[in-house]
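So this one's entry_18.csv, CSV, C-alpha atoms and all ligand atoms:
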chain,number,residue,atom,x,y,z
A,1,MET,CA,-82.9,-41.1,42.3
A,2,ARG,CA,-80.0,-40.5,44.6
A,3,SER,CA,-77.0,-38.8,43.2
A,4,PHE,CA,-73.7,-40.7,42.7
A,5,ILE,CA,-72.1,-38.7,45.4
A,6,GLU,CA,-74.7,-39.7,47.9
A,7,SER,CA,-74.8,-43.3,47.0
A,8,VAL,CA,-71.0,-43.8,47.0
A,9,THR,CA,-70.7,-41.8,50.2
A,10,SER,CA,-73.4,-43.9,52.0
A,11,ALA,CA,-71.8,-47.2,50.7
A,12,PHE,CA,-68.5,-46.2,52.4
A,13,GLN,CA,-70.3,-45.0,55.5
A,14,SER,CA,-71.3,-48.5,56.3
A,15,CYS,CA,-67.8,-50.0,55.6
A,16,THR,CA,-66.1,-51.3,58.7
A,17,CYS,CA,-62.7,-51.9,57.1
A,18,PRO,CA,-59.7,-50.1,58.7
A,19,SER,CA,-59.0,-48.0,55.7
A,20,LEU,CA,-59.5,-44.2,55.9
A,21,HIS,CA,-62.5,-43.2,53.9
A,22,HIS,CA,-62.0,-39.7,52.8
A,23,GLU,CA,-65.0,-37.4,52.3
A,24,ILE,CA,-66.0,-36.7,48.7
A,25,ASN,CA,-65.8,-32.9,48.4
A,26,MET,CA,-67.5,-32.8,45.0
A,27,LYS,CA,-70.8,-31.0,45.1
A,28,GLU,CA,-72.5,-32.1,42.0
A,29,ILE,CA,-72.3,-34.6,39.1
A,30,LEU,CA,-74.7,-34.3,36.2
A,31,ILE,CA,-74.8,-36.2,32.8
A,32,SER,CA,-77.6,-34.8,30.8
A,33,ASP,CA,-78.5,-33.1,27.5
A,34,GLU,CA,-78.8,-29.4,26.7
A,35,ALA,CA,-80.0,-28.8,30.3
A,36,VAL,CA,-76.5,-29.4,31.6
A,37,TYR,CA,-75.3,-25.9,30.4
A,38,GLY,CA,-78.0,-24.0,32.3
A,39,ARG,CA,-77.3,-26.1,35.4
A,40,MET,CA,-73.6,-25.5,35.2
A,41,SER,CA,-74.1,-21.7,34.9
A,42,ALA,CA,-76.5,-21.9,37.9
A,43,PHE,CA,-73.9,-23.9,39.9
A,44,ILE,CA,-71.2,-21.4,39.2
A,45,LYS,CA,-73.4,-18.5,40.4
A,46,GLU,CA,-74.5,-20.5,43.5
A,47,GLN,CA,-70.9,-20.9,44.5
A,48,GLY,CA,-70.3,-17.2,44.1
A,49,PHE,CA,-67.8,-17.7,41.3
A,50,GLU,CA,-67.6,-14.7,38.9
A,51,LYS,CA,-64.4,-15.1,36.9
A,52,THR,CA,-63.7,-18.4,35.1
A,53,VAL,CA,-60.9,-19.7,32.9
A,54,LEU,CA,-62.1,-22.2,30.3
A,55,VAL,CA,-59.3,-24.6,29.4
A,56,CYS,CA,-59.8,-26.5,26.0
A,57,ASP,CA,-57.7,-27.6,23.1
A,58,GLU,CA,-58.6,-26.9,19.4
A,59,ASN,CA,-60.9,-29.9,19.2
A,60,THR,CA,-62.8,-29.6,22.4
A,61,LEU,CA,-63.2,-25.8,21.8
A,62,LYS,CA,-65.2,-26.8,18.7
A,63,SER,CA,-67.1,-29.8,20.3
A,64,ALA,CA,-68.2,-28.1,23.5
A,65,GLY,CA,-65.9,-25.2,24.6
A,66,SER,CA,-67.5,-22.5,22.4
A,67,LYS,CA,-71.0,-23.4,23.6
A,68,VAL,CA,-69.9,-23.5,27.3
A,69,LYS,CA,-68.3,-20.0,26.8
A,70,GLU,CA,-71.3,-18.5,25.1
A,71,ILE,CA,-73.8,-19.8,27.7
A,72,LEU,CA,-71.7,-18.8,30.7
A,73,GLU,CA,-71.2,-15.4,29.3
A,74,SER,CA,-74.9,-14.9,28.5
A,75,SER,CA,-75.5,-15.6,32.2
A,76,GLY,CA,-73.1,-12.8,33.2
A,77,ILE,CA,-70.2,-15.0,34.1
A,78,SER,CA,-66.8,-13.7,33.0
A,79,VAL,CA,-64.9,-16.3,30.8
A,80,SER,CA,-61.3,-16.1,29.6
A,81,LEU,CA,-60.0,-18.8,27.4
A,82,SER,CA,-56.8,-20.9,27.7
A,83,LEU,CA,-56.4,-22.8,24.5
A,84,VAL,CA,-53.8,-25.5,25.1
A,85,LEU,CA,-51.6,-25.9,22.0
A,86,PRO,CA,-50.8,-29.3,20.6
A,87,ASN,CA,-47.3,-30.8,20.8
A,88,HIS,CA,-45.4,-31.6,17.6
A,89,HIS,CA,-47.4,-34.8,17.2
A,90,GLY,CA,-50.6,-32.7,17.1
A,91,ASP,CA,-51.8,-33.9,20.5
A,92,ALA,CA,-52.5,-32.1,23.8
A,93,ALA,CA,-49.9,-33.3,26.3
A,94,ALA,CA,-49.8,-32.8,30.1
A,95,ASP,CA,-46.1,-31.6,29.9
A,96,GLU,CA,-44.2,-28.6,31.1
A,97,LYS,CA,-45.2,-26.5,28.1
A,98,SER,CA,-49.0,-27.0,28.6
A,99,LEU,CA,-48.7,-26.7,32.4
A,100,VAL,CA,-46.9,-23.4,32.3
A,101,GLN,CA,-49.2,-22.1,29.5
A,102,VAL,CA,-52.3,-22.7,31.6
A,103,LEU,CA,-50.7,-21.3,34.8
A,104,LEU,CA,-49.8,-18.1,32.8
A,105,GLU,CA,-53.2,-17.8,31.3
A,106,THR,CA,-54.9,-18.1,34.7
A,107,PRO,CA,-55.2,-14.5,36.1
A,108,LYS,CA,-54.7,-14.0,39.9
A,109,ASP,CA,-58.4,-13.2,40.5
A,110,THR,CA,-59.8,-16.3,38.8
A,111,ASP,CA,-62.5,-18.0,40.9
A,112,VAL,CA,-62.8,-21.3,39.0
A,113,LEU,CA,-61.2,-23.2,36.2
A,114,VAL,CA,-63.3,-25.3,33.8
A,115,ALA,CA,-61.7,-28.3,32.1
A,116,VAL,CA,-63.4,-29.0,28.8
A,117,GLY,CA,-61.8,-32.1,27.3
A,118,SER,CA,-60.8,-35.6,27.9
A,119,GLY,CA,-58.2,-37.1,30.3
A,120,THR,CA,-55.1,-35.1,29.4
A,121,LEU,CA,-56.9,-31.7,29.5
A,122,HIS,CA,-58.1,-32.6,32.9
A,123,ASP,CA,-54.6,-33.5,34.1
A,124,ILE,CA,-53.3,-30.1,33.0
A,125,VAL,CA,-56.2,-28.3,34.8
A,126,ARG,CA,-56.0,-30.5,37.9
A,127,PHE,CA,-52.3,-29.5,38.3
A,128,ALA,CA,-53.1,-25.8,37.7
A,129,SER,CA,-56.0,-25.9,40.1
A,130,HIS,CA,-53.9,-27.6,42.8
A,131,GLN,CA,-50.9,-25.2,42.4
A,132,ARG,CA,-53.0,-22.1,42.4
A,133,ARG,CA,-55.5,-23.3,44.9
A,134,ILE,CA,-58.4,-22.4,42.6
A,135,PRO,CA,-61.2,-25.0,42.3
A,136,PHE,CA,-62.0,-26.6,39.0
A,137,ILE,CA,-65.1,-28.0,37.2
A,138,SER,CA,-64.9,-31.0,35.0
A,139,PHE,CA,-66.6,-31.0,31.7
A,140,PRO,CA,-65.6,-34.3,30.0
A,141,THR,CA,-66.0,-34.4,26.2
A,142,ALA,CA,-65.5,-38.1,25.9
A,143,ALA,CA,-66.1,-41.2,28.1
A,144,SER,CA,-62.4,-42.0,27.7
A,145,VAL,CA,-60.8,-42.6,31.1
A,146,ASP,CA,-61.7,-43.0,34.8
A,147,GLY,CA,-59.6,-40.1,36.1
A,148,PHE,CA,-62.1,-37.3,35.8
A,149,THR,CA,-63.2,-37.5,39.4
A,150,SER,CA,-60.0,-38.6,41.0
A,151,ALA,CA,-57.2,-36.5,42.4
A,152,GLY,CA,-54.1,-38.0,40.7
A,153,ALA,CA,-52.6,-36.3,37.7
A,154,PRO,CA,-50.2,-38.2,35.4
A,155,LEU,CA,-47.8,-35.5,34.1
A,156,ILE,CA,-44.8,-35.6,31.7
A,157,VAL,CA,-41.8,-34.0,33.4
A,158,ARG,CA,-38.5,-33.9,31.4
A,159,GLY,CA,-39.8,-36.7,29.2
A,160,GLU,CA,-40.9,-38.9,32.1
A,161,LYS,CA,-44.3,-39.7,33.4
A,162,LYS,CA,-45.0,-38.9,37.0
A,163,THR,CA,-48.3,-39.1,38.8
A,164,ILE,CA,-48.8,-36.2,41.2
A,165,GLN,CA,-51.6,-36.1,43.8
A,166,CYS,CA,-53.5,-33.0,43.1
A,167,THR,CA,-57.2,-32.3,43.6
A,168,ALA,CA,-60.6,-33.6,42.4
A,169,PRO,CA,-63.0,-31.2,40.6
A,170,VAL,CA,-65.8,-29.5,42.6
A,171,ALA,CA,-68.4,-30.6,40.1
A,172,LEU,CA,-68.7,-32.6,36.9
A,173,PHE,CA,-71.1,-31.7,34.1
A,174,ALA,CA,-71.3,-33.7,30.8
A,175,ASP,CA,-73.5,-33.2,27.7
A,176,ILE,CA,-74.5,-36.6,26.3
A,177,ASN,CA,-74.7,-35.2,22.8
A,178,VAL,CA,-71.0,-34.1,23.0
A,179,LEU,CA,-70.0,-37.6,24.2
A,180,LYS,CA,-71.9,-39.0,21.2
A,181,GLU,CA,-70.0,-36.8,18.8
A,182,ALA,CA,-66.6,-37.7,20.2
A,183,PRO,CA,-64.3,-39.9,18.1
A,184,PRO,CA,-65.5,-43.5,18.7
A,185,ALA,CA,-61.9,-44.6,19.7
A,186,LEU,CA,-62.2,-42.5,22.8
A,187,ALA,CA,-65.2,-44.4,24.3
A,188,ALA,CA,-63.6,-47.6,23.2
A,189,ALA,CA,-60.6,-46.6,25.3
A,190,GLY,CA,-62.8,-45.7,28.2
A,191,PHE,CA,-64.2,-49.2,28.0
A,192,GLY,CA,-60.6,-50.6,28.0
A,193,ASP,CA,-59.9,-48.7,31.1
A,194,MET,CA,-63.0,-50.2,32.8
A,195,LEU,CA,-62.1,-53.7,31.5
A,196,GLY,CA,-58.7,-53.3,33.2
A,197,LYS,CA,-60.5,-53.5,36.5
A,198,ILE,CA,-60.8,-57.2,36.0
A,199,THR,CA,-57.1,-57.6,36.6
A,200,SER,CA,-56.6,-54.7,38.9
A,201,LEU,CA,-59.3,-56.0,41.3
A,202,ALA,CA,-57.7,-59.5,41.3
A,203,ASP,CA,-54.2,-57.9,41.9
A,204,TRP,CA,-55.6,-55.8,44.7
A,205,LYS,CA,-56.5,-59.0,46.6
A,206,VAL,CA,-53.1,-60.4,46.0
A,207,SER,CA,-51.4,-57.3,47.4
A,208,ARG,CA,-53.5,-57.6,50.5
A,209,TRP,CA,-52.4,-61.2,51.0
A,210,MET,CA,-48.8,-60.7,50.1
A,211,ALA,CA,-48.0,-57.2,51.5
A,212,ASN,CA,-50.9,-56.3,53.8
A,213,GLU,CA,-51.7,-53.4,51.4
A,214,PRO,CA,-54.9,-51.6,52.5
A,215,TYR,CA,-57.9,-53.4,51.1
A,216,CYS,CA,-61.4,-52.0,51.3
A,217,PRO,CA,-64.2,-54.5,50.4
A,218,THR,CA,-66.6,-51.6,49.7
A,219,GLY,CA,-64.2,-50.0,47.2
A,220,ALA,CA,-63.7,-53.3,45.5
A,221,ALA,CA,-67.5,-54.0,45.4
A,222,LEU,CA,-68.3,-50.6,43.9
A,223,THR,CA,-65.6,-50.8,41.3
A,224,LYS,CA,-66.7,-54.4,40.4
A,225,GLU,CA,-70.3,-53.3,40.2
A,226,ALA,CA,-69.3,-50.4,37.8
A,227,LEU,CA,-67.4,-52.9,35.6
A,228,GLU,CA,-70.3,-55.4,35.6
A,229,ASN,CA,-72.7,-52.6,34.7
A,230,CYS,CA,-70.6,-51.9,31.6
A,231,LEU,CA,-70.5,-55.6,30.6
A,232,SER,CA,-74.2,-56.1,31.1
A,233,HIS,CA,-74.8,-53.1,28.7
A,234,LEU,CA,-72.2,-54.2,26.2
A,235,GLU,CA,-74.5,-53.8,23.2
A,236,ASP,CA,-75.3,-50.2,24.2
A,237,VAL,CA,-71.7,-49.4,24.9
A,238,ALA,CA,-70.6,-50.9,21.6
A,239,ALA,CA,-73.3,-48.9,19.7
A,240,GLN,CA,-72.1,-45.8,21.6
A,241,SER,CA,-75.8,-45.0,22.1
A,242,GLU,CA,-77.0,-42.5,24.7
A,243,LYS,CA,-77.7,-45.3,27.1
A,244,GLY,CA,-74.3,-47.0,26.5
A,245,LEU,CA,-72.2,-43.8,26.8
A,246,THR,CA,-74.2,-42.8,30.0
A,247,VAL,CA,-73.5,-46.2,31.6
A,248,LEU,CA,-69.8,-46.1,30.5
A,249,LEU,CA,-69.2,-42.5,31.8
A,250,GLU,CA,-71.1,-43.3,35.1
A,251,SER,CA,-68.9,-46.4,35.6
A,252,LEU,CA,-65.7,-44.4,34.9
A,253,ILE,CA,-66.9,-41.7,37.4
A,254,ILE,CA,-67.6,-44.3,40.1
A,255,SER,CA,-64.2,-45.8,39.6
A,256,GLY,CA,-62.7,-42.3,40.0
A,257,LEU,CA,-64.8,-41.6,43.1
A,258,VAL,CA,-63.6,-44.9,44.8
A,259,MET,CA,-60.0,-43.8,44.2
A,260,LEU,CA,-60.8,-40.4,45.7
A,261,VAL,CA,-62.4,-41.9,48.9
A,262,LEU,CA,-59.5,-44.3,49.4
A,263,ASP,CA,-56.9,-41.8,48.3
A,264,HIS,CA,-55.0,-44.5,46.3
A,265,SER,CA,-55.5,-46.0,42.9
A,266,ARG,CA,-55.3,-49.7,44.0
A,267,PRO,CA,-58.8,-50.7,43.0
A,268,ALA,CA,-58.4,-49.3,39.5
A,269,SER,CA,-54.8,-50.0,38.7
A,270,GLY,CA,-52.8,-53.3,38.8
A,271,GLY,CA,-50.4,-55.1,36.6
A,272,GLU,CA,-52.3,-54.0,33.4
A,273,HIS,CA,-51.6,-50.4,34.3
A,274,HIS,CA,-48.0,-51.1,35.0
A,275,LEU,CA,-47.6,-52.7,31.5
A,276,SER,CA,-49.4,-49.7,30.0
A,277,HIS,CA,-47.1,-47.2,31.8
A,278,TYR,CA,-44.1,-49.2,30.6
A,279,TRP,CA,-45.2,-49.0,27.0
A,280,GLU,CA,-46.0,-45.3,27.5
A,281,MET,CA,-42.5,-44.6,28.8
A,282,ASP,CA,-41.0,-46.4,25.8
A,283,LEU,CA,-43.1,-44.2,23.4
A,284,LEU,CA,-41.9,-41.1,25.4
A,285,LYS,CA,-38.3,-42.2,25.2
A,286,ARG,CA,-38.6,-42.6,21.4
A,287,ASP,CA,-40.6,-39.4,21.0
A,288,ALA,CA,-43.3,-41.4,19.3
A,289,PRO,CA,-47.0,-40.3,19.3
A,290,GLN,CA,-48.8,-41.5,22.4
A,291,LEU,CA,-51.5,-44.2,22.4
A,292,LEU,CA,-54.8,-43.8,24.3
A,293,HIS,CA,-54.5,-44.8,27.9
A,294,GLY,CA,-57.5,-47.1,28.0
A,295,ALA,CA,-56.6,-48.7,24.7
A,296,LYS,CA,-53.3,-49.9,26.2
A,297,VAL,CA,-54.9,-50.9,29.5
A,298,GLY,CA,-57.6,-53.0,27.8
A,299,VAL,CA,-55.1,-54.9,25.7
A,300,ALA,CA,-52.7,-55.4,28.7
A,301,SER,CA,-55.5,-56.6,30.9
A,302,ALA,CA,-56.6,-59.2,28.3
A,303,LEU,CA,-53.2,-60.6,27.9
A,304,LEU,CA,-52.5,-60.7,31.6
A,305,THR,CA,-55.5,-63.0,32.2
A,306,SER,CA,-53.7,-65.7,30.3
A,307,ILE,CA,-50.4,-65.0,32.1
A,308,TYR,CA,-52.1,-65.1,35.5
A,309,LYS,CA,-53.8,-68.4,34.7
A,310,ARG,CA,-50.4,-69.8,33.8
A,311,LEU,CA,-49.0,-68.4,37.0
A,312,ILE,CA,-51.3,-70.7,38.9
A,313,GLU,CA,-49.5,-73.7,37.4
A,314,GLU,CA,-46.1,-72.2,38.3
A,315,MET,CA,-47.4,-71.7,41.9
A,316,LYS,CA,-48.4,-75.4,42.0
A,317,SER,CA,-45.0,-76.5,40.7
A,318,GLY,CA,-43.3,-76.0,44.0
A,319,GLN,CA,-41.5,-72.8,43.2
A,320,GLU,CA,-40.8,-70.4,46.0
A,321,LEU,CA,-40.3,-66.7,46.6
A,322,PRO,CA,-36.8,-65.6,47.7
A,323,ASP,CA,-37.9,-63.6,50.7
A,324,PRO,CA,-38.8,-66.1,53.5
A,325,GLU,CA,-41.6,-63.8,55.0
A,326,LYS,CA,-43.1,-63.3,51.6
A,327,ASN,CA,-42.8,-67.0,50.9
A,328,ARG,CA,-44.7,-67.8,54.1
A,329,LYS,CA,-47.5,-65.5,53.0
A,330,PHE,CA,-47.4,-67.0,49.5
A,331,LYS,CA,-47.8,-70.6,50.9
A,332,LEU,CA,-50.5,-69.4,53.3
A,333,HIS,CA,-52.7,-67.8,50.6
A,334,GLN,CA,-51.7,-69.9,47.6
A,335,GLN,CA,-55.1,-71.5,47.2
A,336,GLU,CA,-57.0,-68.3,47.5
A,337,MET,CA,-54.6,-66.7,45.0
A,338,ALA,CA,-55.0,-69.6,42.6
A,339,GLN,CA,-58.8,-69.3,42.8
A,340,ASN,CA,-58.6,-65.5,42.4
A,341,TYR,CA,-56.7,-65.8,39.1
A,342,GLY,CA,-58.5,-68.9,38.1
A,343,GLU,CA,-61.8,-67.0,38.0
A,344,LEU,CA,-60.6,-64.4,35.6
A,345,PRO,CA,-62.3,-64.4,32.1
A,346,LYS,CA,-60.3,-66.0,29.3
A,347,GLU,CA,-58.0,-63.8,27.2
A,348,LYS,CA,-60.1,-64.6,24.1
A,349,GLN,CA,-63.3,-63.4,25.9
A,350,MET,CA,-61.6,-60.2,26.9
A,351,GLN,CA,-60.5,-59.6,23.3
A,352,GLU,CA,-63.9,-60.3,22.0
A,353,TRP,CA,-65.3,-57.6,24.3
A,354,LEU,CA,-62.7,-55.1,23.2
A,355,VAL,CA,-63.3,-55.9,19.5
A,356,LYS,CA,-67.1,-55.5,20.0
A,357,VAL,CA,-66.6,-52.0,21.4
A,358,GLY,CA,-64.3,-51.1,18.6
A,359,GLY,CA,-60.9,-50.9,20.4
A,360,PRO,CA,-57.7,-52.6,19.7
A,361,ALA,CA,-57.5,-56.1,21.2
A,362,THR,CA,-53.9,-57.2,20.6
A,363,ILE,CA,-50.5,-55.7,20.9
A,364,GLU,CA,-50.1,-55.9,17.1
A,365,GLU,CA,-53.2,-53.7,16.8
A,366,LEU,CA,-51.8,-51.3,19.3
A,367,GLY,CA,-48.4,-51.2,17.5
A,368,ILE,CA,-46.5,-52.7,20.4
A,369,THR,CA,-43.7,-55.2,19.4
A,370,GLU,CA,-43.2,-58.6,20.9
A,371,GLU,CA,-39.8,-57.4,22.1
A,372,LEU,CA,-41.3,-54.5,24.0
A,373,LEU,CA,-44.0,-56.7,25.4
A,374,GLU,CA,-41.4,-59.2,26.7
A,375,GLU,CA,-39.3,-56.4,28.2
A,376,ALA,CA,-42.4,-54.9,29.9
A,377,LEU,CA,-43.5,-58.3,31.3
A,378,GLN,CA,-40.0,-58.6,32.9
A,379,HIS,CA,-39.7,-55.0,34.2
A,380,ALA,CA,-43.0,-53.3,34.5
A,381,HIS,CA,-43.6,-54.6,38.0
A,382,THR,CA,-40.7,-52.5,39.2
A,383,ILE,CA,-42.5,-49.2,38.3
A,384,ARG,CA,-44.4,-49.2,41.5
A,385,ASP,CA,-43.9,-51.0,44.8
A,386,ARG,CA,-47.1,-52.9,44.7
A,387,TRP,CA,-47.8,-56.6,44.7
A,388,THR,CA,-49.4,-57.9,41.5
A,389,GLY,CA,-49.4,-61.2,39.7
A,390,LEU,CA,-46.8,-59.7,37.4
A,391,LYS,CA,-44.5,-59.1,40.3
A,392,MET,CA,-45.1,-62.7,41.6
A,393,LYS,CA,-44.4,-64.1,38.2
A,394,ASN,CA,-41.0,-62.4,38.1
A,395,GLN,CA,-40.2,-63.3,41.7
A,396,LEU,CA,-41.0,-66.9,41.3
A,397,ARG,CA,-38.7,-67.0,38.3
A,398,LEU,CA,-35.8,-65.8,40.4
A,399,THR,CA,-36.0,-68.7,42.8
A,400,PRO,CA,-33.9,-71.8,42.2
A,401,GLN,CA,-36.0,-74.8,41.3
A,402,GLN,CA,-36.2,-77.5,43.9
B,501,ZN,ZN,-56.6,-46.2,33.9
B,502,ZN,ZN,-63.6,-49.6,53.6
Rewrite the coordinates I just gave you, this time as structure tokens.
Ligand SMILES: [Zn+2]
Ligand SMILES: [Zn+2]
Amino acid sequence: MRSFIESVTSAFQSCTCPSLHHEINMKEILISDEAVYGRMSAFIKEQGFEKTVLVCDENTLKSAGSKVKEILESSGISVSLSLVLPNHHGDAAADEKSLVQVLLETPKDTDVLVAVGSGTLHDIVRFASHQRRIPFISFPTAASVDGFTSAGAPLIVRGEKKTIQCTAPVALFADINVLKEAPPALAAAGFGDMLGKITSLADWKVSRWMANEPYCPTGAALTKEALENCLSHLEDVAAQSEKGLTVLLESLIISGLVMLVLDHSRPASGGEHHLSHYWEMDLLKRDAPQLLHGAKVGVASALLTSIYKRLIEEMKSGQELPDPEKNRKFKLHQQEMAQNYGELPKEKQMQEWLVKVGGPATIEELGITEELLEEALQHAHTIRDRWTGLKMKNQLRLTPQQ
């Protein structure tokens, strides 16, 4: 069987779109059982790395970090530990404190960093790796997010979330038994992040029509295939079985690789991510505990499907966009856009999938108020300069009725 890296690389090689397709510099991706530890040690030696820094938090040290440390040390690799301390909510956060801690605990002669944890831990290590120009290895402990294999690191700087382009790992190793032992809410969030591709892919097409944003049909097809693979294994994903978690992590990895090749997050992030970011910024402002990224994204994507279907009616009602050039494009592609949003699954269907996998399906279950939802629906599209249905909905509103 061909590796992910080879199959994703060859899919992009035959793509004739004008986008730049960046090379994947990752050397190995392996999801396996016990065998993964031996293979990781061998990889580290093959690369000529001698000194490693293992970055974990208290939970991931127990679930996998201790074992990784023991096995690497038994093969003669030097391991020093950087144990990221929790914030006052008891969570690991990719904020200044954690970033400085890991930078300080990475000696000058370190050859490679190893991130053992879920998304946040990876963001911290990704930043340290980028700043210090030391490669890092990804060791995900939960199938919780699609960012493991991408280069963007969402960081919290002075209480605000900023995504910084850093680097992708040189390799990824995952132990399926560790994924199975992870809290079930994490894989449910990973599924929510995948389900979000339903609206992000639809929004990506709209951004191409409305703003000529770079669109790559291969990137869209690979992301869609990864999403469909999760949905066709829904029972396994819901049971969080070996098969289900493997399919889920593979799908998340592919989504990350597509972002890596295209060097932007367009395929994986649309209006649903903007809503999720808006809610996250509100939680940060109020110093409330954070919610899982994918849990927010899944709920946001489900509710957007209804909003996007209603948008089609607004489009048909003769409303216009204030910018004449945008309005021309809007009229030109109106039918395609209506079909694009018309084909989305129903909100209820999306919620049933989320419930089945054990995640929150509504804003009430997430703990987001109606007021905050309304505020996000009106302002979240301003977070990034990208065309989405959410942006169109707000622009159409601004236009005087004929
Ligand atoms: Zn995401
Ligand atoms: Zn392409």
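You can rank A:Gln395, A:Thr120, A:Ser75, A:Asn177 by their closest distance to Ser63 of chain A using all atoms listed in the file, and at the top of that list sits A:Asn177.
Across the structure, atom CA of Gly192 of chain A and atom CA of Gly270 of chain A are spaced 13.6 Å apart.
Taking only C-alpha atoms and all ligand atoms into account, every polymer residue with at least one atom at most 10 Å away from ligand ZN 502 (chain B) is listed here: A:Ala11, A:Phe12, A:Gln13, A:Ser14, A:Cys15, A:Thr16, A:Cys17, A:Pro18, A:Ser19, A:Leu20, A:His21, A:Pro214, A:Tyr215, A:Cys216, A:Pro217, A:Thr218, A:Gly219, A:Ala220, A:Val258, A:Val261, A:Leu262.
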Practice item. Residues up to 10 Å from ligand ZN 501 (chain B), counting all atoms listed in the file: could you list those as a PyMOL selection string? Key: chain A and resi 119+144-147+189-190+192-197+200+252+255-256+265+268-270+272-274+276-277+293-298
Using only C-alpha atoms, please write the residues we just selected to a file, as a tab-separated table (two decimals), keeping the file's coordinate frame.
chain	number	residue	atom	x	y	z
A	119	GLY	CA	-58.20	-37.10	30.30
A	144	SER	CA	-62.40	-42.00	27.70
A	145	VAL	CA	-60.80	-42.60	31.10
A	146	ASP	CA	-61.70	-43.00	34.80
A	147	GLY	CA	-59.60	-40.10	36.10
A	189	ALA	CA	-60.60	-46.60	25.30
A	190	GLY	CA	-62.80	-45.70	28.20
A	192	GLY	CA	-60.60	-50.60	28.00
A	193	ASP	CA	-59.90	-48.70	31.10
A	194	MET	CA	-63.00	-50.20	32.80
A	195	LEU	CA	-62.10	-53.70	31.50
A	196	GLY	CA	-58.70	-53.30	33.20
A	197	LYS	CA	-60.50	-53.50	36.50
A	200	SER	CA	-56.60	-54.70	38.90
A	252	LEU	CA	-65.70	-44.40	34.90
A	255	SER	CA	-64.20	-45.80	39.60
A	256	GLY	CA	-62.70	-42.30	40.00
A	265	SER	CA	-55.50	-46.00	42.90
A	268	ALA	CA	-58.40	-49.30	39.50
A	269	SER	CA	-54.80	-50.00	38.70
A	270	GLY	CA	-52.80	-53.30	38.80
A	272	GLU	CA	-52.30	-54.00	33.40
A	273	HIS	CA	-51.60	-50.40	34.30
A	274	HIS	CA	-48.00	-51.10	35.00
A	276	SER	CA	-49.40	-49.70	30.00
A	277	HIS	CA	-47.10	-47.20	31.80
A	293	HIS	CA	-54.50	-44.80	27.90
A	294	GLY	CA	-57.50	-47.10	28.00
A	295	ALA	CA	-56.60	-48.70	24.70
A	296	LYS	CA	-53.30	-49.90	26.20
A	297	VAL	CA	-54.90	-50.90	29.50
A	298	GLY	CA	-57.60	-53.00	27.80
Report as CSV the residues of segment 150-244 of chain A within 9 Å of segment 317-333 of chain A, each with its shortest atom pair and distance in Å (one decimal), using all atoms listed in the file, ordered by chain and increasing residue number.
residue,atom,partner,partner_atom,distance
A:Val206,CA,A:His333,CA,8.7
A:Trp209,CA,A:His333,CA,6.6
A:Met210,CA,A:Lys329,CA,5.8
A:Ala211,CA,A:Lys326,CA,7.8
If you keep C-alpha atoms, can you produce a file of those selected residues as a PDB file, in the coordinates of the input?
ATOM      1  CA  VAL A 206     -53.100 -60.400  46.000  1.00  0.00           C
ATOM      2  CA  TRP A 209     -52.400 -61.200  51.000  1.00  0.00           C
ATOM      3  CA  MET A 210     -48.800 -60.700  50.100  1.00  0.00           C
ATOM      4  CA  ALA A 211     -48.000 -57.200  51.500  1.00  0.00           C
TER       5      ALA A 211
END
Check your understanding: So how far away is atom CA of Ala151 of chain A from atom CA of Cys166 of chain A, in Å?
Key -> 5.1 Å
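Note that atom CA of Phe136 of chain A and atom CA of Asp111 of chain A are 8.8 Å apart.
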With all atoms listed in the file counted and 10 Å as the cut-off, give the residues of segment 66-130 of chain A in contact with segment 40-52 of chain A, each with its shortest interatomic distance in Å and the pair that gives it, as CSV.
residue,atom,partner,partner_atom,distance
A:Val68,CA,A:Ser41,CA,8.9
A:Lys69,CA,A:Thr52,CA,9.6
A:Ile71,CA,A:Ser41,CA,7.5
A:Leu72,CA,A:Ser41,CA,5.6
A:Glu73,CA,A:Ser41,CA,8.9
A:Ser74,CA,A:Ser41,CA,9.4
A:Ser75,CA,A:Ser41,CA,6.8
A:Gly76,CA,A:Glu50,CA,8.1
A:Ile77,CA,A:Glu50,CA,5.5
A:Ser78,CA,A:Lys51,CA,4.8
A:Val79,CA,A:Thr52,CA,4.9
A:Ser80,CA,A:Thr52,CA,6.4
A:Leu81,CA,A:Thr52,CA,8.6
A:Thr106,CA,A:Thr52,CA,8.8
A:Pro107,CA,A:Lys51,CA,9.3
A:Asp109,CA,A:Lys51,CA,7.3
A:Thr110,CA,A:Lys51,CA,5.1
A:Asp111,CA,A:Lys51,CA,5.3
A:Val112,CA,A:Thr52,CA,4.9
A:Leu113,CA,A:Thr52,CA,5.5
A:Val114,CA,A:Thr52,CA,7.0
Check your understanding: Pick from A:Ala94, A:Ala174, A:Leu245, A:Leu372: nearest to Phe139 of chain A, with all atoms listed in the file counted?
Key -> A:Ala174
Review point. For Pro289 of chain A, which residue out of A:Ala93, A:Ile198, A:Leu83, A:Ile253 is the nearest one, using all atoms listed in the file?
Key: A:Ala93
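Distances from A:Pro267, A:Leu248, A:Glu160, A:Gln334 to Arg286 of chain A were compared using all atoms listed in the file, and the smallest one belongs to A:Glu160.
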**Study point:** From A:Leu366, A:Val53, A:Asp236, A:Ala288, residue lying nearest Gly90 of chain A [all atoms listed in the file]
**Key:** A:Ala288
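Omitting Gly271 of chain A and its sequence neighbours fewer than 3 positions away, and counting all atoms listed in the file, the residues within 7 Å are A:Ser200, A:His274, A:Leu275, A:His381, A:Thr388, A:Gly389, A:Leu390.
If only C-alpha atoms are the atoms counted, then among A:Ser138, A:Ile124, A:Val247, A:Phe148 the closest residue to Glu235 of chain A is A:Val247.
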